[in-house]
Amino acid sequence: MHYLSIHAVPFTPEVSSLLSQVLHCLTDAFRRATSEKFKREMSPGVYENYMFREVASTSAFVQRNLVCETVDTKGRRLNYIPDVGSLVLDRKTEKVDAGYVSSMAQQLVSNAALQFDIFRNNYGSTTLLTVITNALKSMSPTPVRPSGGVYFVPAQFDGNLDALIRFIVSLEKGEAEKVPVMNTLGMKNMVTRKLMDHLRSTLAACENGVENQLKKNDLKAILEDAKIVVSNFKEYESIVTGNLQEIEAYVALIRKRVADALANMAD
């Protein structure tokens with residue numbers, strides 16, 4: 001996996017603010033550094049599983065303990081030690097204290113501490129994509145084409161959009177362009193059509209998710225996106241053309257589908 005060092009880029013205050021809101025910087029890096037699992041065979045049919053578990057998170061520190069679980073080939077637990085090692089992140093000093101009770105725990109804890117030093121200043125491609133996607137979602141975007149890549153963003157988000165573009169183009173091979181949309185009837189009609197397409201596809205995604213009985217987490221992600229789409233509608237009320245009744249009917253229907261689905265998930 002490739003990583004980008006954020007210290008290599010002269011970020012503007014707007015971009016830095018955008019990153020910190022989405023990544024939660026230090027704690028995000030700490031949790032990513034302690035997310036890997038390790039397994040080794042102790043004897044025929046007997047294995048040790050090592051993983052980190054968060055045991056405390058306050059305004060002053062975050063503590064994650066290294067757990068050792070001994071299991072057989074059928075997954076039956078033979079032994080469990082909740083604290084063969086530990087890593088404690090001091091939020092103020094940004095330093096990590098390590099503890100361990102065995103050579104294996106020392107190796108895993110030390111490796112996680114080294115990973116933290118890398119992750120605190122670097123972000124993988126998956127994390128960067130999440131940053132960009134979440135930042136764009138916060139700007140009430142409407143896809144211009146179903147496959148994505150081109151979006152209409154209301155003018156009131158111009159400052160945030162400029163910051164996001166600066167961030168994207170600072171990445172290796174990163175490309176992003178902002179093309180102003182002329183305030184003409186033809187352009188407003190185009191935005192209205194695309195908004196309707198977006199509402200239709202959002203409603204279809206909600207209905208298909210329920211009908212296909214998706215896993216709870218997958219369905220919840222669809223419903224959360226639908227809630228964002230509905231809440232974004234207010235940004236377009238002064239832009240769309242023609243009769244608003246059809247658009248408002250779709251918004252109301254999506255609200256109802258989301259509410260019904262969430263209620264069923266809670267049962």
# chains A, B, ... in the order shown; residues from 1 in each chain; ligands from 1

call {"tool": "select_by_dssp", "arguments": {"residues": "stretch 223-257 of chain A", "states": "alpha helix (DSSP H)", "output": "list in words"}}
result
Leu223, Glu224, Asp225, Ala226, Lys227, Ile228, Val229, Val230, Ser231, Asn232, Gln245, Glu246, Ile247, Glu248, Ala249, Tyr250, Val251, Ala252, Leu253, Ile254, Arg255, Lys256 and Arg257 of chain A

call {"tool": "residues_around", "arguments": {"residues": "A:Met139", "least_positions_apart": "3", "cutoff": "12 Å", "atoms": "only C-alpha atoms", "output": "list in words"}}
result
Leu18, Ile132, Thr133, Asn134, Ala135, Leu136, Thr142, Pro143, Tyr151, Phe152, Val153, Pro154, Ala155, Gln156, Phe157, Asp158, Gly159, Asn160, Leu161, Asp162, Ala163, Leu164, Ile228, Val229, Ser231, Asn232, Phe233, Glu235 and Tyr236 of chain A

call {"tool": "residues_around", "arguments": {"residues": "A:Asn65", "least_positions_apart": "6", "cutoff": "6 Å", "atoms": "only C-alpha atoms", "output": "JSON, numbers by chain"}}
result
{"A": [52, 53, 83, 85, 86]}

call {"tool": "write_last_selection", "arguments": {"atoms": "N, CA, C and O atoms", "output": "PDB file, in the first residue's frame"}}
result
ATOM      1  N   PHE A  52      -5.666  -5.906  19.151  1.00  0.00           N
ATOM      2  CA  PHE A  52      -5.790  -4.779  20.072  1.00  0.00           C
ATOM      3  C   PHE A  52      -7.260  -4.476  20.336  1.00  0.00           C
ATOM      4  O   PHE A  52      -8.101  -4.565  19.441  1.00  0.00           O
ATOM      5  N   ARG A  53      -7.559  -4.118  21.574  1.00  0.00           N
ATOM      6  CA  ARG A  53      -8.910  -3.727  21.971  1.00  0.00           C
ATOM      7  C   ARG A  53      -8.844  -2.403  22.731  1.00  0.00           C
ATOM      8  O   ARG A  53      -7.983  -2.226  23.593  1.00  0.00           O
ATOM      9  N   ASP A  83      -4.595  -8.421  28.599  1.00  0.00           N
ATOM     10  CA  ASP A  83      -3.611  -7.347  28.678  1.00  0.00           C
ATOM     11  C   ASP A  83      -2.173  -7.856  28.623  1.00  0.00           C
ATOM     12  O   ASP A  83      -1.377  -7.584  29.513  1.00  0.00           O
ATOM     13  N   GLY A  85      -0.219  -6.777  26.481  1.00  0.00           N
ATOM     14  CA  GLY A  85       0.499  -5.575  26.088  1.00  0.00           C
ATOM     15  C   GLY A  85      -0.444  -4.389  26.092  1.00  0.00           C
ATOM     16  O   GLY A  85      -1.666  -4.544  26.185  1.00  0.00           O
ATOM     17  N   SER A  86       0.112  -3.189  25.991  1.00  0.00           N
ATOM     18  CA  SER A  86      -0.737  -1.999  25.968  1.00  0.00           C
ATOM     19  C   SER A  86      -0.020  -0.858  25.261  1.00  0.00           C
ATOM     20  O   SER A  86       1.213  -0.785  25.245  1.00  0.00           O
TER      21      SER A  86
END

call {"tool": "closest_residue", "arguments": {"among": "A:Ile168, A:Ile239, A:Ala105, A:Leu253", "to": "A:Cys206", "atoms": "only C-alpha atoms"}}
result
A:Leu253

call {"tool": "closest_residue", "arguments": {"among": "A:Glu94, A:Glu246, A:Glu48, A:Asp72", "to": "A:Arg193", "atoms": "only C-alpha atoms"}}
result
A:Glu246

call {"tool": "select_by_dssp", "arguments": {"residues": "stretch 125-207 of chain A", "states": "strand (DSSP E)", "output": "count of residues only"}}
result
4
